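Asker: Take a look at this one; I'll ask things after.
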Amino acid sequence: MIIKLSQQQIEQLTQRETNSYINRLHELIVRNSPSLSGDKELLARLKDADEFVSIHDFHNQETKTDFLIMNAFEPYFYKTKAMQDWLLNGEESTESEYIKYQQIRGNLVKRMFGGADE
């Protein structure tokens, strides 16, 4: 039996799936970082970050999740002028530019605080 869905039904299912994903991520963040449990804006920030990654065609789910988690700890980091310049004016896709940023950031942290393999 083949089920045919209208475009509106598909959009509703997609929105439910997105909301479920964001709510599960919110619960995970709060469970692992209890200091964020009182953050009344956290869920809204996660939704806003999810909208950003959707608009800018992030494809890798791990990268999307990483982006949202980073936004939990560094609210609206992607809306600062410097990050807008980096992410939106790079030579590659916004997702690739974010990955490069995270790699550089990780390397700087290792240099500053020492890496686990040093």
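Labels used: A, B, ... for chains in the order of the structure tokens, numbers from 1 for residues in each chain, and numbers from 1 for ligands as shown.
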Which residues of region 60-94 of chain A come within 7 Å of region 38-46 of chain A, and what is each one's closest atom pair and distance in Å (one decimal), counting only C-alpha atoms, sorted by chain and residue number, as JSON lines?
Answerer:
{"residue": "A:Leu68", "atom": "CA", "partner": "A:Leu46", "partner_atom": "CA", "distance": 5.7}
{"residue": "A:Asn71", "atom": "CA", "partner": "A:Arg45", "partner_atom": "CA", "distance": 6.9}
{"residue": "A:Ala72", "atom": "CA", "partner": "A:Leu42", "partner_atom": "CA", "distance": 6.3}
Asker: For the selection you just gave me, I'd like the residues written to a file as a PDB file, in the first residue's frame, keeping N, CA, C and O atoms.
Answerer:
ATOM      1  N   LEU A  68      24.356  23.754  16.773  1.00  0.00           N
ATOM      2  CA  LEU A  68      23.313  24.062  17.748  1.00  0.00           C
ATOM      3  C   LEU A  68      23.847  24.006  19.169  1.00  0.00           C
ATOM      4  O   LEU A  68      23.526  24.871  19.998  1.00  0.00           O
ATOM      5  N   ASN A  71      25.829  27.006  19.961  1.00  0.00           N
ATOM      6  CA  ASN A  71      24.941  28.140  20.207  1.00  0.00           C
ATOM      7  C   ASN A  71      24.356  28.090  21.621  1.00  0.00           C
ATOM      8  O   ASN A  71      24.029  29.124  22.192  1.00  0.00           O
ATOM      9  N   ALA A  72      24.233  26.913  22.189  1.00  0.00           N
ATOM     10  CA  ALA A  72      23.745  26.801  23.572  1.00  0.00           C
ATOM     11  C   ALA A  72      24.727  27.463  24.532  1.00  0.00           C
ATOM     12  O   ALA A  72      24.321  28.119  25.491  1.00  0.00           O
TER      13      ALA A  72
END
Asker: Counting only C-alpha atoms, what is within 8 Å of region 29-31 of chain A, bar same-chain residues fewer than 5 positions away, as a ChimeraX atom specification?
Answerer: /A:36-37,69,72
Asker: For region 8-19 of chain A, find every residue with an atom within 9 Å (counting only C-alpha atoms), except residues of its own chain fewer than 4 positions away, and show them as a PyMOL selection string.
Answerer: chain A and resi 23-24+47+50
Asker: Just list as a ChimeraX atom specification whatever in chain A DSSP marks as alpha helix (DSSP H).
Answerer: /A:7-32,42-55,61-73,81-88,94-113
Asker: For Asp48 (chain A), which residue among A:Tyr78, A:Phe113, A:Leu5, A:Asp85 is the nearest when counting only C-alpha atoms?
Answerer: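 Looking at the shortest contact to Asp48 (chain A), the residue is A:Tyr78.
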Asker: To one decimal place, how far is CA of Phe52 (chain A) from CA of Asn32 (chain A) in Å?
Answerer: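 Distance between the two atoms: 24.1 Å.
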Asker: State, in Å with one decimal place, the distance from CA of Ile22 (chain A) to CA of Thr94 (chain A).
Answerer: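 That distance, rounded to one decimal, is 20.7 Å.
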Asker: When you look at Trp86 (chain A) with a cut-off of 9 Å (counting only C-alpha atoms), what residues show up, excluding the ones that are within fewer than 3 positions of it in the same chain? I need them as number ranges by chain.
Answerer: A: 81-83, 89-90, 94, 97-98, 101
Asker: Those same residues - C-alpha atoms - I'd like them written as a tab-separated table (two decimals), in the first residue's frame.
Answerer:
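Okay, out_15.tsv is ready:
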chain	number	residue	atom	x	y	z
A	81	LYS	CA	29.75	40.61	12.54
A	82	ALA	CA	33.00	38.66	12.66
A	83	MET	CA	31.25	35.28	12.39
A	89	ASN	CA	31.82	35.39	2.88
A	90	GLY	CA	34.18	32.44	2.73
A	94	THR	CA	28.67	28.07	5.02
A	97	GLU	CA	33.43	27.48	6.62
A	98	TYR	CA	31.94	26.54	10.01
A	101	TYR	CA	36.33	27.63	12.03
Asker: If I take CA of Thr65 (chain A) and CA of Gln102 (chain A), how far is one from the other in Å, to one decimal?
Answerer: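 Going from CA of Thr65 (chain A) over to CA of Gln102 (chain A), I get 13.0 Å.
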